[in-house]
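Peer 1: So here's target14.pdb, just PDB, N, CA and C atoms:
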ATOM      1  N   MET A  15     -10.895 162.630  22.788  1.00  0.00           N
ATOM      2  CA  MET A  15     -11.186 162.228  24.152  1.00  0.00           C
ATOM      3  C   MET A  15     -10.168 161.167  24.546  1.00  0.00           C
ATOM      4  N   ASN A  16      -9.490 161.399  25.637  1.00  0.00           N
ATOM      5  CA  ASN A  16      -8.532 160.411  26.111  1.00  0.00           C
ATOM      6  C   ASN A  16      -9.180 159.528  27.186  1.00  0.00           C
ATOM      7  N   GLU A  17      -8.419 158.584  27.694  1.00  0.00           N
ATOM      8  CA  GLU A  17      -8.990 157.615  28.631  1.00  0.00           C
ATOM      9  C   GLU A  17      -9.429 158.264  29.948  1.00  0.00           C
ATOM     10  N   HIS A  18      -8.768 159.316  30.378  1.00  0.00           N
ATOM     11  CA  HIS A  18      -9.134 159.976  31.635  1.00  0.00           C
ATOM     12  C   HIS A  18     -10.464 160.722  31.501  1.00  0.00           C
ATOM     13  N   GLU A  19     -10.666 161.360  30.366  1.00  0.00           N
ATOM     14  CA  GLU A  19     -11.937 162.053  30.124  1.00  0.00           C
ATOM     15  C   GLU A  19     -13.088 161.047  30.033  1.00  0.00           C
ATOM     16  N   LEU A  20     -12.825 159.911  29.375  1.00  0.00           N
ATOM     17  CA  LEU A  20     -13.839 158.867  29.267  1.00  0.00           C
ATOM     18  C   LEU A  20     -14.194 158.312  30.640  1.00  0.00           C
ATOM     19  N   LYS A  21     -13.183 158.042  31.445  1.00  0.00           N
ATOM     20  CA  LYS A  21     -13.416 157.519  32.799  1.00  0.00           C
ATOM     21  C   LYS A  21     -14.205 158.526  33.622  1.00  0.00           C
ATOM     22  N   SER A  22     -13.864 159.786  33.523  1.00  0.00           N
ATOM     23  CA  SER A  22     -14.569 160.827  34.261  1.00  0.00           C
ATOM     24  C   SER A  22     -16.020 160.935  33.810  1.00  0.00           C
ATOM     25  N   ALA A  23     -16.251 160.864  32.505  1.00  0.00           N
ATOM     26  CA  ALA A  23     -17.611 160.950  31.975  1.00  0.00           C
ATOM     27  C   ALA A  23     -18.443 159.759  32.436  1.00  0.00           C
ATOM     28  N   LEU A  24     -17.868 158.557  32.421  1.00  0.00           N
ATOM     29  CA  LEU A  24     -18.591 157.381  32.876  1.00  0.00           C
ATOM     30  C   LEU A  24     -18.912 157.464  34.369  1.00  0.00           C
ATOM     31  N   GLN A  25     -17.985 157.968  35.161  1.00  0.00           N
ATOM     32  CA  GLN A  25     -18.242 158.121  36.596  1.00  0.00           C
ATOM     33  C   GLN A  25     -19.368 159.129  36.838  1.00  0.00           C
ATOM     34  N   ASP A  26     -19.374 160.205  36.071  1.00  0.00           N
ATOM     35  CA  ASP A  26     -20.435 161.200  36.226  1.00  0.00           C
ATOM     36  C   ASP A  26     -21.804 160.602  35.902  1.00  0.00           C
ATOM     37  N   VAL A  27     -21.861 159.777  34.857  1.00  0.00           N
ATOM     38  CA  VAL A  27     -23.126 159.143  34.481  1.00  0.00           C
ATOM     39  C   VAL A  27     -23.564 158.168  35.567  1.00  0.00           C
ATOM     40  N   MET A  28     -22.647 157.412  36.110  1.00  0.00           N
ATOM     41  CA  MET A  28     -22.995 156.432  37.148  1.00  0.00           C
ATOM     42  C   MET A  28     -23.463 157.122  38.424  1.00  0.00           C
ATOM     43  N   VAL A  29     -22.869 158.250  38.760  1.00  0.00           N
ATOM     44  CA  VAL A  29     -23.279 158.986  39.953  1.00  0.00           C
ATOM     45  C   VAL A  29     -24.663 159.584  39.745  1.00  0.00           C
ATOM     46  N   ALA A  30     -24.949 160.047  38.532  1.00  0.00           N
ATOM     47  CA  ALA A  30     -26.229 160.694  38.253  1.00  0.00           C
ATOM     48  C   ALA A  30     -27.367 159.688  38.133  1.00  0.00           C
ATOM     49  N   SER A  31     -27.071 158.431  37.757  1.00  0.00           N
ATOM     50  CA  SER A  31     -28.139 157.439  37.576  1.00  0.00           C
ATOM     51  C   SER A  31     -28.625 156.938  38.933  1.00  0.00           C
ATOM     52  N   SER A  32     -29.867 156.480  38.944  1.00  0.00           N
ATOM     53  CA  SER A  32     -30.442 155.987  40.193  1.00  0.00           C
ATOM     54  C   SER A  32     -29.938 154.579  40.475  1.00  0.00           C
ATOM     55  N   PRO A  33     -29.799 154.240  41.739  1.00  0.00           N
ATOM     56  CA  PRO A  33     -29.319 152.901  42.071  1.00  0.00           C
ATOM     57  C   PRO A  33     -30.410 151.857  41.803  1.00  0.00           C
ATOM     58  N   PRO A  34     -30.024 150.638  41.576  1.00  0.00           N
ATOM     59  CA  PRO A  34     -31.021 149.599  41.331  1.00  0.00           C
ATOM     60  C   PRO A  34     -31.842 149.331  42.591  1.00  0.00           C
ATOM     61  N   PRO A  35     -33.048 148.810  42.442  1.00  0.00           N
ATOM     62  CA  PRO A  35     -33.852 148.521  43.622  1.00  0.00           C
ATOM     63  C   PRO A  35     -33.191 147.429  44.459  1.00  0.00           C
ATOM     64  N   PRO A  36     -33.433 147.427  45.751  1.00  0.00           N
ATOM     65  CA  PRO A  36     -32.813 146.409  46.595  1.00  0.00           C
ATOM     66  C   PRO A  36     -33.360 145.016  46.260  1.00  0.00           C
ATOM     67  N   MET A  37     -32.528 144.029  46.433  1.00  0.00           N
ATOM     68  CA  MET A  37     -32.944 142.654  46.161  1.00  0.00           C
ATOM     69  C   MET A  37     -33.887 142.175  47.246  1.00  0.00           C
ATOM     70  N   ASP A  38     -35.001 141.608  46.842  1.00  0.00           N
ATOM     71  CA  ASP A  38     -35.956 141.020  47.771  1.00  0.00           C
ATOM     72  C   ASP A  38     -35.984 139.523  47.483  1.00  0.00           C
ATOM     73  N   PRO A  39     -35.352 138.711  48.329  1.00  0.00           N
ATOM     74  CA  PRO A  39     -35.273 137.281  48.032  1.00  0.00           C
ATOM     75  C   PRO A  39     -36.648 136.612  47.965  1.00  0.00           C
ATOM     76  N   THR A  40     -37.588 137.072  48.745  1.00  0.00           N
ATOM     77  CA  THR A  40     -38.922 136.475  48.730  1.00  0.00           C
ATOM     78  C   THR A  40     -39.598 136.709  47.381  1.00  0.00           C
ATOM     79  N   ALA A  41     -39.525 137.924  46.877  1.00  0.00           N
ATOM     80  CA  ALA A  41     -40.140 138.242  45.585  1.00  0.00           C
ATOM     81  C   ALA A  41     -39.450 137.465  44.462  1.00  0.00           C
ATOM     82  N   ALA A  42     -38.127 137.357  44.512  1.00  0.00           N
ATOM     83  CA  ALA A  42     -37.402 136.618  43.478  1.00  0.00           C
ATOM     84  C   ALA A  42     -37.785 135.142  43.516  1.00  0.00           C
ATOM     85  N   LEU A  43     -37.936 134.578  44.698  1.00  0.00           N
ATOM     86  CA  LEU A  43     -38.317 133.177  44.836  1.00  0.00           C
ATOM     87  C   LEU A  43     -39.729 132.944  44.308  1.00  0.00           C
ATOM     88  N   GLU A  44     -40.647 133.864  44.603  1.00  0.00           N
ATOM     89  CA  GLU A  44     -42.014 133.734  44.112  1.00  0.00           C
ATOM     90  C   GLU A  44     -42.066 133.806  42.584  1.00  0.00           C
ATOM     91  N   ARG A  45     -41.302 134.715  41.990  1.00  0.00           N
ATOM     92  CA  ARG A  45     -41.265 134.812  40.529  1.00  0.00           C
ATOM     93  C   ARG A  45     -40.698 133.541  39.916  1.00  0.00           C
ATOM     94  N   GLY A  46     -39.677 132.985  40.545  1.00  0.00           N
ATOM     95  CA  GLY A  46     -39.101 131.741  40.047  1.00  0.00           C
ATOM     96  C   GLY A  46     -40.086 130.588  40.125  1.00  0.00           C
ATOM     97  N   GLN A  47     -40.834 130.513  41.221  1.00  0.00           N
ATOM     98  CA  GLN A  47     -41.821 129.440  41.368  1.00  0.00           C
ATOM     99  C   GLN A  47     -42.947 129.590  40.349  1.00  0.00           C
ATOM    100  N   ARG A  48     -43.394 130.819  40.106  1.00  0.00           N
ATOM    101  CA  ARG A  48     -44.434 131.046  39.097  1.00  0.00           C
ATOM    102  C   ARG A  48     -43.943 130.630  37.714  1.00  0.00           C
ATOM    103  N   ALA A  49     -42.701 130.983  37.403  1.00  0.00           N
ATOM    104  CA  ALA A  49     -42.143 130.618  36.100  1.00  0.00           C
ATOM    105  C   ALA A  49     -42.044 129.105  35.963  1.00  0.00           C
ATOM    106  N   HIS A  50     -41.660 128.436  37.038  1.00  0.00           N
ATOM    107  CA  HIS A  50     -41.551 126.977  37.012  1.00  0.00           C
ATOM    108  C   HIS A  50     -42.920 126.342  36.789  1.00  0.00           C
ATOM    109  N   ARG A  51     -43.940 126.817  37.496  1.00  0.00           N
ATOM    110  CA  ARG A  51     -45.296 126.292  37.312  1.00  0.00           C
ATOM    111  C   ARG A  51     -45.795 126.548  35.895  1.00  0.00           C
ATOM    112  N   ARG A  52     -45.486 127.727  35.355  1.00  0.00           N
ATOM    113  CA  ARG A  52     -45.919 128.059  34.001  1.00  0.00           C
ATOM    114  C   ARG A  52     -45.249 127.131  32.986  1.00  0.00           C
ATOM    115  N   ARG A  53     -43.950 126.847  33.163  1.00  0.00           N
ATOM    116  CA  ARG A  53     -43.256 125.933  32.256  1.00  0.00           C
ATOM    117  C   ARG A  53     -43.839 124.524  32.340  1.00  0.00           C
ATOM    118  N   LYS A  54     -44.128 124.065  33.567  1.00  0.00           N
ATOM    119  CA  LYS A  54     -44.713 122.733  33.729  1.00  0.00           C
ATOM    120  C   LYS A  54     -46.078 122.663  33.059  1.00  0.00           C
ATOM    121  N   ALA A  55     -46.885 123.704  33.200  1.00  0.00           N
ATOM    122  CA  ALA A  55     -48.214 123.721  32.586  1.00  0.00           C
ATOM    123  C   ALA A  55     -48.095 123.736  31.066  1.00  0.00           C
ATOM    124  N   THR A  56     -47.145 124.465  30.542  1.00  0.00           N
ATOM    125  CA  THR A  56     -46.946 124.523  29.092  1.00  0.00           C
ATOM    126  C   THR A  56     -46.562 123.152  28.553  1.00  0.00           C
ATOM    127  N   TRP A  57     -45.614 122.488  29.215  1.00  0.00           N
ATOM    128  CA  TRP A  57     -45.209 121.159  28.771  1.00  0.00           C
ATOM    129  C   TRP A  57     -46.358 120.171  28.911  1.00  0.00           C
ATOM    130  N   GLY A  58     -47.110 120.277  29.995  1.00  0.00           N
ATOM    131  CA  GLY A  58     -48.257 119.388  30.178  1.00  0.00           C
ATOM    132  C   GLY A  58     -49.287 119.577  29.076  1.00  0.00           C
ATOM    133  N   GLY A  59     -49.551 120.821  28.715  1.00  0.00           N
ATOM    134  CA  GLY A  59     -50.490 121.102  27.632  1.00  0.00           C
ATOM    135  C   GLY A  59     -49.989 120.574  26.303  1.00  0.00           C
ATOM    136  N   ALA A  60     -48.703 120.700  26.063  1.00  0.00           N
ATOM    137  CA  ALA A  60     -48.132 120.204  24.808  1.00  0.00           C
ATOM    138  C   ALA A  60     -48.237 118.682  24.733  1.00  0.00           C
ATOM    139  N   VAL A  61     -47.956 118.006  25.833  1.00  0.00           N
ATOM    140  CA  VAL A  61     -48.049 116.543  25.854  1.00  0.00           C
ATOM    141  C   VAL A  61     -49.495 116.106  25.663  1.00  0.00           C
ATOM    142  N   ALA A  62     -50.424 116.785  26.328  1.00  0.00           N
ATOM    143  CA  ALA A  62     -51.841 116.452  26.181  1.00  0.00           C
ATOM    144  C   ALA A  62     -52.291 116.672  24.729  1.00  0.00           C
ATOM    145  N   GLY A  63     -51.847 117.739  24.116  1.00  0.00           N
ATOM    146  CA  GLY A  63     -52.188 118.004  22.716  1.00  0.00           C
ATOM    147  C   GLY A  63     -51.662 116.919  21.793  1.00  0.00           C
ATOM    148  N   LEU A  64     -50.428 116.485  22.027  1.00  0.00           N
ATOM    149  CA  LEU A  64     -49.865 115.415  21.213  1.00  0.00           C
ATOM    150  C   LEU A  64     -50.629 114.110  21.422  1.00  0.00           C
ATOM    151  N   ALA A  65     -51.056 113.851  22.643  1.00  0.00           N
ATOM    152  CA  ALA A  65     -51.835 112.647  22.911  1.00  0.00           C
ATOM    153  C   ALA A  65     -53.162 112.687  22.153  1.00  0.00           C
ATOM    154  N   VAL A  66     -53.811 113.832  22.155  1.00  0.00           N
ATOM    155  CA  VAL A  66     -55.082 113.966  21.436  1.00  0.00           C
ATOM    156  C   VAL A  66     -54.872 113.754  19.942  1.00  0.00           C
ATOM    157  N   VAL A  67     -53.833 114.323  19.396  1.00  0.00           N
ATOM    158  CA  VAL A  67     -53.541 114.155  17.968  1.00  0.00           C
ATOM    159  C   VAL A  67     -53.239 112.685  17.672  1.00  0.00           C
ATOM    160  N   GLY A  68     -52.475 112.037  18.533  1.00  0.00           N
ATOM    161  CA  GLY A  68     -52.152 110.623  18.341  1.00  0.00           C
ATOM    162  C   GLY A  68     -53.389 109.749  18.377  1.00  0.00           C
ATOM    163  N   ILE A  69     -54.279 110.024  19.320  1.00  0.00           N
ATOM    164  CA  ILE A  69     -55.516 109.250  19.406  1.00  0.00           C
ATOM    165  C   ILE A  69     -56.374 109.487  18.167  1.00  0.00           C
ATOM    166  N   ALA A  70     -56.462 110.717  17.723  1.00  0.00           N
ATOM    167  CA  ALA A  70     -57.267 111.026  16.538  1.00  0.00           C
ATOM    168  C   ALA A  70     -56.698 110.343  15.295  1.00  0.00           C
ATOM    169  N   VAL A  71     -55.398 110.380  15.121  1.00  0.00           N
ATOM    170  CA  VAL A  71     -54.773 109.727  13.964  1.00  0.00           C
ATOM    171  C   VAL A  71     -54.990 108.220  14.048  1.00  0.00           C
ATOM    172  N   GLY A  72     -54.844 107.663  15.246  1.00  0.00           N
ATOM    173  CA  GLY A  72     -55.085 106.228  15.421  1.00  0.00           C
ATOM    174  C   GLY A  72     -56.512 105.853  15.118  1.00  0.00           C
ATOM    175  N   ALA A  73     -57.465 106.688  15.527  1.00  0.00           N
ATOM    176  CA  ALA A  73     -58.870 106.401  15.263  1.00  0.00           C
ATOM    177  C   ALA A  73     -59.196 106.480  13.777  1.00  0.00           C
ATOM    178  N   VAL A  74     -58.483 107.284  13.052  1.00  0.00           N
ATOM    179  CA  VAL A  74     -58.712 107.385  11.605  1.00  0.00           C
ATOM    180  C   VAL A  74     -58.042 106.234  10.865  1.00  0.00           C
ATOM    181  N   LEU A  75     -56.849 105.847  11.275  1.00  0.00           N
ATOM    182  CA  LEU A  75     -56.092 104.825  10.553  1.00  0.00           C
ATOM    183  C   LEU A  75     -56.538 103.399  10.863  1.00  0.00           C
ATOM    184  N   VAL A  76     -56.909 103.106  12.102  1.00  0.00           N
ATOM    185  CA  VAL A  76     -57.243 101.726  12.492  1.00  0.00           C
ATOM    186  C   VAL A  76     -58.461 101.216  11.736  1.00  0.00           C
ATOM    187  N   PRO A  77     -59.577 101.952  11.614  1.00  0.00           N
ATOM    188  CA  PRO A  77     -60.713 101.416  10.843  1.00  0.00           C
ATOM    189  C   PRO A  77     -60.383 101.212   9.365  1.00  0.00           C
ATOM    190  N   ASN A  78     -59.482 101.972   8.842  1.00  0.00           N
ATOM    191  CA  ASN A  78     -59.123 101.824   7.431  1.00  0.00           C
ATOM    192  C   ASN A  78     -58.280 100.579   7.170  1.00  0.00           C
ATOM    193  N   LEU A  79     -57.621 100.050   8.199  1.00  0.00           N
ATOM    194  CA  LEU A  79     -56.781  98.866   8.038  1.00  0.00           C
ATOM    195  C   LEU A  79     -57.619  97.594   8.022  1.00  0.00           C
ATOM    196  N   ALA A  80     -58.765  97.624   8.657  1.00  0.00           N
ATOM    197  CA  ALA A  80     -59.570  96.396   8.749  1.00  0.00           C
ATOM    198  C   ALA A  80     -60.364  96.103   7.513  1.00  0.00           C
TER     199      ALA A  80
END
Transcribe the structure of this file into structure tokens.
Peer 2:
Amino acid sequence: MNEHELKSALQDVMVASSPPPPMDPTAALERGQRAHRRRKATWGGAVAGLAVVGIAVGAVLVPNLA
């Protein structure tokens, strides 16, 4: 197969494939906002979990020091 046959085969595949869906800026913006909220909630949950662990460790260690 030479370069011309390869180019022709690739063009045939591209013509036969369906075009991508049109870009909808509103839908893309909504997906981005949902992802941002999900990331913020995940980080918030992680920080809250660390705070709970810190408080629990402190409650166990402080009475033992006295």
Peer 1: Could you work out how far atom C of Gly63 (chain A) lies from atom C of Arg48 (chain A), giving the answer in Å with one decimal?
Peer 2: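 A separation of 22.4 Å between them.
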Peer 1: What is the CA of Thr40 (chain A) to atom C of Gly58 (chain A) distance in Å?
Peer 2: 27.9 Å
Peer 1: Taking every listed atom of region 39-46 of chain A and adding 8 Å to each side, what centre and edge lengths in Å (one decimal) does the axis-aligned box have, as AutoDock Vina command-line options?
Peer 2:
--center_x -38.7 --center_y 134.6 --center_z 44.3 --size_x 22.8 --size_y 24.1 --size_z 24.8
Peer 1: So how many Å separate CA of Lys21 (chain A) and atom C of Met37 (chain A), to one decimal?
Peer 2: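 Taking CA of Lys21 (chain A) and atom C of Met37 (chain A), their separation equals 29.4 Å.
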Peer 1: I need the helix (DSSP H, G or I) residues of chain A per DSSP on the backbone, written as a compact mmCIF listing (two decimals) with N, CA and C atoms, in the frame of the given file.
Peer 2:
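The resulting out_26.txt:
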# COMPACT_ATOMS: atom_id res chain seq x y z
N GLU A 17 -8.42 158.58 27.69
CA GLU A 17 -8.99 157.62 28.63
C GLU A 17 -9.43 158.26 29.95
N HIS A 18 -8.77 159.32 30.38
CA HIS A 18 -9.13 159.98 31.64
C HIS A 18 -10.46 160.72 31.50
N GLU A 19 -10.67 161.36 30.37
CA GLU A 19 -11.94 162.05 30.12
C GLU A 19 -13.09 161.05 30.03
N LEU A 20 -12.82 159.91 29.38
CA LEU A 20 -13.84 158.87 29.27
C LEU A 20 -14.19 158.31 30.64
N LYS A 21 -13.18 158.04 31.44
CA LYS A 21 -13.42 157.52 32.80
C LYS A 21 -14.20 158.53 33.62
N SER A 22 -13.86 159.79 33.52
CA SER A 22 -14.57 160.83 34.26
C SER A 22 -16.02 160.94 33.81
N ALA A 23 -16.25 160.86 32.51
CA ALA A 23 -17.61 160.95 31.98
C ALA A 23 -18.44 159.76 32.44
N LEU A 24 -17.87 158.56 32.42
CA LEU A 24 -18.59 157.38 32.88
C LEU A 24 -18.91 157.46 34.37
N GLN A 25 -17.98 157.97 35.16
CA GLN A 25 -18.24 158.12 36.60
C GLN A 25 -19.37 159.13 36.84
N ASP A 26 -19.37 160.21 36.07
CA ASP A 26 -20.43 161.20 36.23
C ASP A 26 -21.80 160.60 35.90
N VAL A 27 -21.86 159.78 34.86
CA VAL A 27 -23.13 159.14 34.48
C VAL A 27 -23.56 158.17 35.57
N MET A 28 -22.65 157.41 36.11
CA MET A 28 -23.00 156.43 37.15
C MET A 28 -23.46 157.12 38.42
N VAL A 29 -22.87 158.25 38.76
CA VAL A 29 -23.28 158.99 39.95
C VAL A 29 -24.66 159.58 39.74
N ALA A 30 -24.95 160.05 38.53
CA ALA A 30 -26.23 160.69 38.25
C ALA A 30 -27.37 159.69 38.13
N PRO A 39 -35.35 138.71 48.33
CA PRO A 39 -35.27 137.28 48.03
C PRO A 39 -36.65 136.61 47.96
N THR A 40 -37.59 137.07 48.74
CA THR A 40 -38.92 136.48 48.73
C THR A 40 -39.60 136.71 47.38
N ALA A 41 -39.52 137.92 46.88
CA ALA A 41 -40.14 138.24 45.58
C ALA A 41 -39.45 137.46 44.46
N ALA A 42 -38.13 137.36 44.51
CA ALA A 42 -37.40 136.62 43.48
C ALA A 42 -37.78 135.14 43.52
N LEU A 43 -37.94 134.58 44.70
CA LEU A 43 -38.32 133.18 44.84
C LEU A 43 -39.73 132.94 44.31
N GLU A 44 -40.65 133.86 44.60
CA GLU A 44 -42.01 133.73 44.11
C GLU A 44 -42.07 133.81 42.58
N ARG A 45 -41.30 134.72 41.99
CA ARG A 45 -41.26 134.81 40.53
C ARG A 45 -40.70 133.54 39.92
N GLY A 46 -39.68 132.99 40.54
CA GLY A 46 -39.10 131.74 40.05
C GLY A 46 -40.09 130.59 40.12
N GLN A 47 -40.83 130.51 41.22
CA GLN A 47 -41.82 129.44 41.37
C GLN A 47 -42.95 129.59 40.35
N ARG A 48 -43.39 130.82 40.11
CA ARG A 48 -44.43 131.05 39.10
C ARG A 48 -43.94 130.63 37.71
N ALA A 49 -42.70 130.98 37.40
CA ALA A 49 -42.14 130.62 36.10
C ALA A 49 -42.04 129.10 35.96
N HIS A 50 -41.66 128.44 37.04
CA HIS A 50 -41.55 126.98 37.01
C HIS A 50 -42.92 126.34 36.79
N ARG A 51 -43.94 126.82 37.50
CA ARG A 51 -45.30 126.29 37.31
C ARG A 51 -45.80 126.55 35.90
N ARG A 52 -45.49 127.73 35.35
CA ARG A 52 -45.92 128.06 34.00
C ARG A 52 -45.25 127.13 32.99
N ARG A 53 -43.95 126.85 33.16
CA ARG A 53 -43.26 125.93 32.26
C ARG A 53 -43.84 124.52 32.34
N LYS A 54 -44.13 124.06 33.57
CA LYS A 54 -44.71 122.73 33.73
C LYS A 54 -46.08 122.66 33.06
N ALA A 55 -46.88 123.70 33.20
CA ALA A 55 -48.21 123.72 32.59
C ALA A 55 -48.10 123.74 31.07
N THR A 56 -47.14 124.46 30.54
CA THR A 56 -46.95 124.52 29.09
C THR A 56 -46.56 123.15 28.55
N TRP A 57 -45.61 122.49 29.22
CA TRP A 57 -45.21 121.16 28.77
C TRP A 57 -46.36 120.17 28.91
N GLY A 58 -47.11 120.28 30.00
CA GLY A 58 -48.26 119.39 30.18
C GLY A 58 -49.29 119.58 29.08
N GLY A 59 -49.55 120.82 28.72
CA GLY A 59 -50.49 121.10 27.63
C GLY A 59 -49.99 120.57 26.30
N ALA A 60 -48.70 120.70 26.06
CA ALA A 60 -48.13 120.20 24.81
C ALA A 60 -48.24 118.68 24.73
N VAL A 61 -47.96 118.01 25.83
CA VAL A 61 -48.05 116.54 25.85
C VAL A 61 -49.50 116.11 25.66
N ALA A 62 -50.42 116.78 26.33
CA ALA A 62 -51.84 116.45 26.18
C ALA A 62 -52.29 116.67 24.73
N GLY A 63 -51.85 117.74 24.12
CA GLY A 63 -52.19 118.00 22.72
C GLY A 63 -51.66 116.92 21.79
N LEU A 64 -50.43 116.48 22.03
CA LEU A 64 -49.86 115.42 21.21
C LEU A 64 -50.63 114.11 21.42
N ALA A 65 -51.06 113.85 22.64
CA ALA A 65 -51.84 112.65 22.91
C ALA A 65 -53.16 112.69 22.15
N VAL A 66 -53.81 113.83 22.16
CA VAL A 66 -55.08 113.97 21.44
C VAL A 66 -54.87 113.75 19.94
N VAL A 67 -53.83 114.32 19.40
CA VAL A 67 -53.54 114.16 17.97
C VAL A 67 -53.24 112.68 17.67
N GLY A 68 -52.48 112.04 18.53
CA GLY A 68 -52.15 110.62 18.34
C GLY A 68 -53.39 109.75 18.38
N ILE A 69 -54.28 110.02 19.32
CA ILE A 69 -55.52 109.25 19.41
C ILE A 69 -56.37 109.49 18.17
N ALA A 70 -56.46 110.72 17.72
CA ALA A 70 -57.27 111.03 16.54
C ALA A 70 -56.70 110.34 15.30
N VAL A 71 -55.40 110.38 15.12
CA VAL A 71 -54.77 109.73 13.96
C VAL A 71 -54.99 108.22 14.05
N GLY A 72 -54.84 107.66 15.25
CA GLY A 72 -55.08 106.23 15.42
C GLY A 72 -56.51 105.85 15.12
N ALA A 73 -57.46 106.69 15.53
CA ALA A 73 -58.87 106.40 15.26
C ALA A 73 -59.20 106.48 13.78
N VAL A 74 -58.48 107.28 13.05
CA VAL A 74 -58.71 107.38 11.60
C VAL A 74 -58.04 106.23 10.86
N LEU A 75 -56.85 105.85 11.28
CA LEU A 75 -56.09 104.82 10.55
C LEU A 75 -56.54 103.40 10.86
N VAL A 76 -56.91 103.11 12.10
CA VAL A 76 -57.24 101.73 12.49
C VAL A 76 -58.46 101.22 11.74
N PRO A 77 -59.58 101.95 11.61
CA PRO A 77 -60.71 101.42 10.84
C PRO A 77 -60.38 101.21 9.36
N ASN A 78 -59.48 101.97 8.84
CA ASN A 78 -59.12 101.82 7.43
C ASN A 78 -58.28 100.58 7.17
N LEU A 79 -57.62 100.05 8.20
CA LEU A 79 -56.78 98.87 8.04
C LEU A 79 -57.62 97.59 8.02
